[in-house]
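Text of start-v6.pdb (PDB, C-alpha atoms) as supplied:
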ATOM      1  CA  MET E 291      26.746   4.763  -8.382  1.00  0.00           C
ATOM      2  CA  ASN E 292      28.333   7.599  -6.461  1.00  0.00           C
ATOM      3  CA  ALA E 293      27.354   8.933  -3.043  1.00  0.00           C
ATOM      4  CA  LEU E 294      25.175  11.709  -4.454  1.00  0.00           C
ATOM      5  CA  GLN E 295      23.208   9.221  -6.539  1.00  0.00           C
ATOM      6  CA  ASP E 296      22.796   6.940  -3.507  1.00  0.00           C
ATOM      7  CA  VAL E 297      21.561   9.817  -1.354  1.00  0.00           C
ATOM      8  CA  SER E 298      19.183  11.054  -4.058  1.00  0.00           C
ATOM      9  CA  HIS E 299      17.887   7.505  -4.535  1.00  0.00           C
ATOM     10  CA  LEU E 300      17.323   7.174  -0.783  1.00  0.00           C
ATOM     11  CA  LEU E 301      15.505  10.527  -0.560  1.00  0.00           C
ATOM     12  CA  VAL E 302      13.276   9.888  -3.574  1.00  0.00           C
ATOM     13  CA  SER E 303      12.509   6.364  -2.406  1.00  0.00           C
ATOM     14  CA  SER E 304      11.713   7.463   1.156  1.00  0.00           C
ATOM     15  CA  LEU E 305       9.540  10.433   0.212  1.00  0.00           C
ATOM     16  CA  ALA E 306       7.695   8.586  -2.540  1.00  0.00           C
ATOM     17  CA  GLY E 307       7.231   5.521  -0.343  1.00  0.00           C
ATOM     18  CA  PHE E 308       5.833   7.553   2.542  1.00  0.00           C
ATOM     19  CA  TYR E 309       3.436   9.523   0.378  1.00  0.00           C
ATOM     20  CA  LEU E 310       2.363   6.466  -1.595  1.00  0.00           C
ATOM     21  CA  GLY E 311       1.645   4.770   1.737  1.00  0.00           C
ATOM     22  CA  LEU E 312      -0.589   7.691   2.710  1.00  0.00           C
ATOM     23  CA  LEU E 313      -2.382   7.517  -0.641  1.00  0.00           C
ATOM     24  CA  TRP E 314      -2.887   3.757  -0.383  1.00  0.00           C
ATOM     25  CA  LEU E 315      -4.268   4.313   3.094  1.00  0.00           C
ATOM     26  CA  ARG E 316      -6.593   7.031   1.753  1.00  0.00           C
ATOM     27  CA  PHE E 317      -7.808   4.668  -0.968  1.00  0.00           C
ATOM     28  CA  LEU E 318      -8.355   1.798   1.479  1.00  0.00           C
ATOM     29  CA  LEU E 319     -10.133   4.004   4.016  1.00  0.00           C
ATOM     30  CA  GLN E 320     -12.733   4.940   1.435  1.00  0.00           C
ATOM     31  CA  PHE E 321     -12.911   1.492  -0.140  1.00  0.00           C
ATOM     32  CA  LEU E 322     -13.490  -0.212   3.217  1.00  0.00           C
ATOM     33  CA  HIS E 323     -15.696   2.540   4.664  1.00  0.00           C
ATOM     34  CA  ALA E 324     -13.325   2.932   7.604  1.00  0.00           C
ATOM     35  CA  ASP E 325     -14.006   5.395  10.400  1.00  0.00           C
ATOM     36  CA  PHE E 326     -13.503   8.845   8.897  1.00  0.00           C
ATOM     37  CA  TYR E 327     -13.403  10.486  12.330  1.00  0.00           C
ATOM     38  CA  ASN E 328     -10.451   8.418  13.512  1.00  0.00           C
ATOM     39  CA  PRO E 329      -7.516  10.829  14.128  1.00  0.00           C
ATOM     40  CA  VAL E 330      -5.300   8.806  11.778  1.00  0.00           C
ATOM     41  CA  SER E 331      -7.952   9.010   9.048  1.00  0.00           C
ATOM     42  CA  GLN E 332      -8.137  12.762   9.572  1.00  0.00           C
ATOM     43  CA  PHE E 333      -4.340  13.032   9.264  1.00  0.00           C
ATOM     44  CA  VAL E 334      -4.342  11.017   6.025  1.00  0.00           C
ATOM     45  CA  GLU E 335      -7.205  13.062   4.590  1.00  0.00           C
ATOM     46  CA  ARG E 336      -5.492  16.349   5.436  1.00  0.00           C
ATOM     47  CA  TRP E 337      -2.158  15.338   3.843  1.00  0.00           C
ATOM     48  CA  THR E 338      -3.698  13.962   0.657  1.00  0.00           C
ATOM     49  CA  ARG E 339      -6.492  16.499   0.092  1.00  0.00           C
ATOM     50  CA  VAL E 340      -4.583  19.131  -1.920  1.00  0.00           C
ATOM     51  CA  PRO E 341      -3.107  16.957  -4.710  1.00  0.00           C
ATOM     52  CA  LEU E 342      -6.338  14.967  -5.020  1.00  0.00           C
ATOM     53  CA  ARG E 343      -8.596  17.993  -5.405  1.00  0.00           C
ATOM     54  CA  PRO E 344      -7.771  18.736  -9.097  1.00  0.00           C
ATOM     55  CA  LEU E 345      -7.837  15.032  -9.977  1.00  0.00           C
ATOM     56  CA  ARG E 346     -11.302  14.660  -8.466  1.00  0.00           C
ATOM     57  CA  ARG E 347     -12.620  17.094 -11.060  1.00  0.00           C
ATOM     58  CA  LEU E 348     -11.402  14.723 -13.779  1.00  0.00           C
ATOM     59  CA  LEU E 349     -12.172  11.460 -11.981  1.00  0.00           C
ATOM     60  CA  PRO E 350     -14.886  11.704  -9.336  1.00  0.00           C
ATOM     61  CA  ALA E 351     -15.157   8.879  -6.846  1.00  0.00           C
ATOM     62  CA  THR E 352     -17.446   6.094  -7.968  1.00  0.00           C
ATOM     63  CA  GLY E 353     -18.966   4.562  -4.878  1.00  0.00           C
ATOM     64  CA  ARG E 354     -16.221   3.010  -2.824  1.00  0.00           C
ATOM     65  CA  VAL E 355     -13.488   3.295  -5.471  1.00  0.00           C
ATOM     66  CA  ASP E 356     -11.464   6.509  -5.362  1.00  0.00           C
ATOM     67  CA  LEU E 357     -10.202   6.700  -8.940  1.00  0.00           C
ATOM     68  CA  ALA E 358      -8.402   9.998  -8.311  1.00  0.00           C
ATOM     69  CA  ALA E 359      -6.324   8.400  -5.545  1.00  0.00           C
ATOM     70  CA  LEU E 360      -5.473   5.443  -7.780  1.00  0.00           C
ATOM     71  CA  LEU E 361      -4.436   7.769 -10.596  1.00  0.00           C
ATOM     72  CA  LEU E 362      -2.249   9.832  -8.266  1.00  0.00           C
ATOM     73  CA  ILE E 363      -0.669   6.650  -6.893  1.00  0.00           C
ATOM     74  CA  LEU E 364       0.163   5.553 -10.441  1.00  0.00           C
ATOM     75  CA  LEU E 365       1.486   8.979 -11.463  1.00  0.00           C
ATOM     76  CA  ILE E 366       3.789   9.209  -8.431  1.00  0.00           C
ATOM     77  CA  LYS E 367       5.143   5.699  -9.052  1.00  0.00           C
ATOM     78  CA  LEU E 368       5.716   6.517 -12.739  1.00  0.00           C
ATOM     79  CA  LEU E 369       7.575   9.683 -11.743  1.00  0.00           C
ATOM     80  CA  GLU E 370       9.633   7.788  -9.168  1.00  0.00           C
ATOM     81  CA  LEU E 371      10.645   5.083 -11.652  1.00  0.00           C
ATOM     82  CA  SER E 372      11.427   7.694 -14.308  1.00  0.00           C
ATOM     83  CA  LEU E 373      13.691   9.549 -11.865  1.00  0.00           C
ATOM     84  CA  TYR E 374      15.503   6.307 -11.006  1.00  0.00           C
ATOM     85  CA  ALA E 375      16.073   5.521 -14.679  1.00  0.00           C
ATOM     86  CA  ALA E 376      17.251   9.072 -15.398  1.00  0.00           C
ATOM     87  CA  VAL E 377      19.691   9.143 -12.468  1.00  0.00           C
ATOM     88  CA  GLU E 378      21.014   5.593 -12.691  1.00  0.00           C
ATOM     89  CA  ALA E 379      20.919   4.807 -16.412  1.00  0.00           C
ATOM     90  CA  HIS E 380      20.813   8.368 -17.775  1.00  0.00           C
ATOM     91  CA  THR E 381      17.873   7.395 -19.948  1.00  0.00           C
ATOM     92  CA  LEU E 382      14.099   7.255 -19.939  1.00  0.00           C
ATOM     93  CA  LEU E 383      12.296   3.942 -19.995  1.00  0.00           C
ATOM     94  CA  PRO E 384       9.874   3.240 -22.837  1.00  0.00           C
ATOM     95  CA  ALA E 385       6.265   3.930 -21.801  1.00  0.00           C
ATOM     96  CA  PRO E 386       5.040   0.282 -21.933  1.00  0.00           C
ATOM     97  CA  GLN E 387       7.946  -0.900 -19.793  1.00  0.00           C
ATOM     98  CA  LEU E 388       7.497   1.989 -17.359  1.00  0.00           C
ATOM     99  CA  ILE E 389       3.775   1.331 -16.936  1.00  0.00           C
ATOM    100  CA  PHE E 390       4.354  -2.424 -16.543  1.00  0.00           C
ATOM    101  CA  LEU E 391       7.023  -1.861 -13.882  1.00  0.00           C
ATOM    102  CA  ALA E 392       4.870   0.716 -12.088  1.00  0.00           C
ATOM    103  CA  ILE E 393       1.812  -1.525 -11.899  1.00  0.00           C
ATOM    104  CA  PHE E 394       3.735  -4.488 -10.529  1.00  0.00           C
ATOM    105  CA  ALA E 395       5.694  -2.282  -8.114  1.00  0.00           C
ATOM    106  CA  LEU E 396       2.433  -0.802  -6.814  1.00  0.00           C
ATOM    107  CA  LEU E 397       0.807  -4.200  -6.372  1.00  0.00           C
ATOM    108  CA  SER E 398       3.906  -5.352  -4.521  1.00  0.00           C
ATOM    109  CA  GLN E 399       3.826  -2.193  -2.406  1.00  0.00           C
ATOM    110  CA  LEU E 400       0.185  -2.830  -1.523  1.00  0.00           C
ATOM    111  CA  LEU E 401       1.105  -6.331  -0.356  1.00  0.00           C
ATOM    112  CA  TYR E 402       4.007  -4.929   1.723  1.00  0.00           C
ATOM    113  CA  PHE E 403       1.613  -2.336   3.133  1.00  0.00           C
ATOM    114  CA  TYR E 404      -0.763  -5.087   4.252  1.00  0.00           C
ATOM    115  CA  GLN E 405       2.114  -7.153   5.570  1.00  0.00           C
ATOM    116  CA  GLY E 406       3.228  -4.219   7.728  1.00  0.00           C
ATOM    117  CA  ALA E 407      -0.360  -3.556   8.818  1.00  0.00           C
ATOM    118  CA  VAL E 408      -0.783  -7.180   9.910  1.00  0.00           C
ATOM    119  CA  ILE E 409       2.518  -7.118  11.834  1.00  0.00           C
ATOM    120  CA  LEU E 410       1.531  -3.866  13.576  1.00  0.00           C
ATOM    121  CA  LEU E 411      -1.917  -5.254  14.344  1.00  0.00           C
ATOM    122  CA  MET E 412      -0.360  -8.345  15.886  1.00  0.00           C
ATOM    123  CA  ILE E 413       2.075  -6.339  18.024  1.00  0.00           C
ATOM    124  CA  MET E 414      -0.531  -3.794  19.071  1.00  0.00           C
ATOM    125  CA  SER E 415      -2.999  -6.536  20.004  1.00  0.00           C
ATOM    126  CA  TRP E 416      -0.547  -7.549  22.717  1.00  0.00           C
ATOM    127  CA  VAL E 417      -0.061  -3.963  23.894  1.00  0.00           C
ATOM    128  CA  VAL E 418      -3.585  -2.537  23.755  1.00  0.00           C
ATOM    129  CA  ALA E 419      -5.535  -3.745  26.765  1.00  0.00           C
ATOM    130  CA  ALA E 420      -8.673  -5.772  26.144  1.00  0.00           C
ATOM    131  CA  GLY E 421     -11.551  -3.394  25.657  1.00  0.00           C
ATOM    132  CA  GLY E 422      -9.182  -0.407  25.408  1.00  0.00           C
ATOM    133  CA  TYR E 423      -9.102   1.985  22.487  1.00  0.00           C
ATOM    134  CA  HIS E 424      -6.180   3.174  20.423  1.00  0.00           C
ATOM    135  CA  ALA E 425      -6.767   5.095  17.184  1.00  0.00           C
ATOM    136  CA  VAL E 426      -4.012   3.314  15.220  1.00  0.00           C
ATOM    137  CA  TYR E 427      -5.110  -0.121  16.428  1.00  0.00           C
ATOM    138  CA  ALA E 428      -8.755   0.607  15.568  1.00  0.00           C
ATOM    139  CA  LEU E 429      -7.806   1.703  12.062  1.00  0.00           C
ATOM    140  CA  LEU E 430      -5.513  -1.286  11.510  1.00  0.00           C
ATOM    141  CA  ALA E 431      -8.295  -3.605  12.638  1.00  0.00           C
ATOM    142  CA  GLU E 432     -10.698  -2.013  10.138  1.00  0.00           C
ATOM    143  CA  ILE E 433      -8.231  -2.188   7.261  1.00  0.00           C
ATOM    144  CA  THR E 434      -7.162  -5.775   7.877  1.00  0.00           C
ATOM    145  CA  GLU E 435     -10.607  -7.158   8.771  1.00  0.00           C
ATOM    146  CA  PRO E 436     -11.444  -8.215   5.178  1.00  0.00           C
ATOM    147  CA  LEU E 437      -8.349 -10.451   5.301  1.00  0.00           C
ATOM    148  CA  CYS E 438      -8.623 -11.577   8.917  1.00  0.00           C
ATOM    149  CA  ALA E 439     -12.325 -12.487   8.979  1.00  0.00           C
ATOM    150  CA  PRO E 440     -12.037 -15.423   6.523  1.00  0.00           C
ATOM    151  CA  ALA E 441      -8.874 -16.599   8.294  1.00  0.00           C
ATOM    152  CA  ARG E 442     -10.723 -16.569  11.645  1.00  0.00           C
ATOM    153  CA  ARG E 443     -13.257 -18.997  10.210  1.00  0.00           C
ATOM    154  CA  ILE E 444     -10.389 -21.394   9.545  1.00  0.00           C
ATOM    155  CA  ILE E 445      -8.494 -20.736  12.808  1.00  0.00           C
ATOM    156  CA  PRO E 446     -10.837 -19.303  15.456  1.00  0.00           C
ATOM    157  CA  PRO E 447      -9.344 -17.306  18.371  1.00  0.00           C
ATOM    158  CA  MET E 448      -8.217 -19.483  21.255  1.00  0.00           C
ATOM    159  CA  GLY E 449      -8.380 -17.964  24.733  1.00  0.00           C
ATOM    160  CA  GLY E 450      -7.838 -14.409  23.504  1.00  0.00           C
ATOM    161  CA  LEU E 451      -5.005 -15.431  21.158  1.00  0.00           C
ATOM    162  CA  ASP E 452      -5.783 -14.790  17.499  1.00  0.00           C
ATOM    163  CA  LEU E 453      -3.569 -17.113  15.456  1.00  0.00           C
ATOM    164  CA  SER E 454      -5.490 -16.364  12.274  1.00  0.00           C
ATOM    165  CA  ILE E 455      -3.231 -13.325  11.800  1.00  0.00           C
ATOM    166  CA  MET E 456      -0.332 -15.706  11.123  1.00  0.00           C
ATOM    167  CA  LEU E 457      -2.418 -17.359   8.406  1.00  0.00           C
ATOM    168  CA  VAL E 458      -3.099 -13.935   6.856  1.00  0.00           C
ATOM    169  CA  PHE E 459       0.608 -13.095   7.034  1.00  0.00           C
ATOM    170  CA  LEU E 460       1.482 -16.373   5.301  1.00  0.00           C
ATOM    171  CA  GLY E 461      -1.162 -15.714   2.637  1.00  0.00           C
ATOM    172  CA  ILE E 462       0.314 -12.269   1.931  1.00  0.00           C
ATOM    173  CA  GLN E 463       3.794 -13.751   1.580  1.00  0.00           C
ATOM    174  CA  ILE E 464       2.472 -16.392  -0.841  1.00  0.00           C
ATOM    175  CA  ALA E 465       0.745 -13.632  -2.836  1.00  0.00           C
ATOM    176  CA  GLU E 466       4.067 -11.716  -2.992  1.00  0.00           C
ATOM    177  CA  VAL E 467       5.909 -14.745  -4.370  1.00  0.00           C
ATOM    178  CA  LEU E 468       3.168 -15.418  -6.926  1.00  0.00           C
ATOM    179  CA  LEU E 469       3.083 -11.758  -7.968  1.00  0.00           C
ATOM    180  CA  GLN E 470       6.845 -11.724  -8.465  1.00  0.00           C
ATOM    181  CA  HIS E 471       6.729 -14.851 -10.629  1.00  0.00           C
ATOM    182  CA  LEU E 472       3.741 -13.542 -12.591  1.00  0.00           C
ATOM    183  CA  GLY E 473       5.605 -10.279 -13.215  1.00  0.00           C
ATOM    184  CA  ASN E 474       8.654 -12.184 -14.430  1.00  0.00           C
ATOM    185  CA  LEU E 475       6.562 -14.390 -16.744  1.00  0.00           C
ATOM    186  CA  LEU E 476       4.568 -11.489 -18.183  1.00  0.00           C
ATOM    187  CA  GLY E 477       7.686  -9.361 -18.557  1.00  0.00           C
ATOM    188  CA  ALA E 478       9.442 -12.142 -20.448  1.00  0.00           C
ATOM    189  CA  ALA E 479       6.383 -12.804 -22.623  1.00  0.00           C
ATOM    190  CA  LEU E 480       6.067  -9.120 -23.508  1.00  0.00           C
ATOM    191  CA  GLY E 481       9.797  -8.776 -24.073  1.00  0.00           C
ATOM    192  CA  LEU E 482      10.246  -6.229 -21.294  1.00  0.00           C
TER     193      LEU E 482
END

Go ahead and express the file in the form of structure tokens.
Amino acid sequence: MNALQDVSHLLVSSLAGFYLGLLWLRFLLQFLHADFYNPVSQFVERWTRVPLRPLRRLLPATGRVDLAALLLILLIKLLELSLYAAVEAHTLLPAPQLIFLAIFALLSQLLYFYQGAVILLMIMSWVVAAGGYHAVYALLAEITEPLCAPARRIIPPMGGLDLSIMLVFLGIQIAEVLLQHLGNLLGAALGL
């Protein structure tokens, strides 16, 4: 790869990763009924509204599941992977292989997203004073609560120290390893 390819790869990866992160956050906010009036939620809604509007006509939200956001997430990942293949290999990937790679990359990205959210939650829990309010911390707590609540039943907080977050972090890492091995097994079985 030459320098131009490396730079283009970096730019595509960074822009797609950032926007996919916003879309995942948008999906999770609706799925978990997070606080819509949180300033971070408002930011995410504002930056994802325009591309989701036409997709919502095709796929309206069904309860907590925002199908339009999921479709846009998949389309952006497919475009990103297609651009990589075109730039690096000067070819297009076959549709089944492209879809397979996109789905596993998105599941992996969702796990990395939660891993980052748990790390930020842990760091911010030390910084945000007890009883204080910070918009990012409040949103992270809402998004990670479905993972942290069961872990707190196993490891309850001790004197203001919540060690259950480490259990959640370990669980996410185990899920990443299992997902990678499942992807390899399925890819080999399908001949991809």

task: Evaluate the PyMOL selection byres ((chain E and resi 435-452) around 12) and record the selected residues as a count of residues only, following the chain and residue labels used in the document.
output: 36

Could you spell out the hits of the PyMOL selection byres ((chain E and resi 356) around 10) on the shown file, as a compact mmCIF listing (two decimals) with C-alpha atoms, in the frame of the given file?
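Dumped everything to expr.txt:
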# COMPACT_ATOMS: atom_id res chain seq x y z
CA ARG E 316 -6.59 7.03 1.75
CA PHE E 317 -7.81 4.67 -0.97
CA LEU E 318 -8.36 1.80 1.48
CA LEU E 319 -10.13 4.00 4.02
CA GLN E 320 -12.73 4.94 1.44
CA PHE E 321 -12.91 1.49 -0.14
CA LEU E 342 -6.34 14.97 -5.02
CA ARG E 346 -11.30 14.66 -8.47
CA LEU E 349 -12.17 11.46 -11.98
CA PRO E 350 -14.89 11.70 -9.34
CA ALA E 351 -15.16 8.88 -6.85
CA THR E 352 -17.45 6.09 -7.97
CA GLY E 353 -18.97 4.56 -4.88
CA ARG E 354 -16.22 3.01 -2.82
CA VAL E 355 -13.49 3.30 -5.47
CA LEU E 357 -10.20 6.70 -8.94
CA ALA E 358 -8.40 10.00 -8.31
CA ALA E 359 -6.32 8.40 -5.54
CA LEU E 360 -5.47 5.44 -7.78
CA LEU E 361 -4.44 7.77 -10.60

- prompt: For Pro329 of chain E, which of E:Ala478, E:Leu305, E:Val426, E:Ala465 is the closest residue, counting only C-alpha atoms?
  reply: E:Val426

message: To test your reading of the syntax: which residues would the PyMOL selection byres ((chain E and resi 368-371) around 12) return for the file shown? Reply as a VMD selection string.
response: chain E and resid 298 to 307 309 to 310 361 to 367 372 to 379 381 to 396

Once 4 Å is added on each side, what centre and edge lengths in Å to one decimal does the axis-aligned box around all listed atoms of segment 421-436 of chain E have, as JSON?
{"center_x": -7.8, "center_y": -1.6, "center_z": 15.4, "size_x": 15.5, "size_y": 21.3, "size_z": 28.5}

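Taking atom CA of Gln463 of chain E and atom CA of Tyr402 of chain E as endpoints, the distance between them is 8.8 Å.
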
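You will find atom CA of Ser331 of chain E at 23.8 Å from atom CA of Leu348 of chain E.
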
field: One-decimal distance in Å that lies between atom CA of Arg339 of chain E and atom CA of Tyr327 of chain E
entry: 15.3 Å
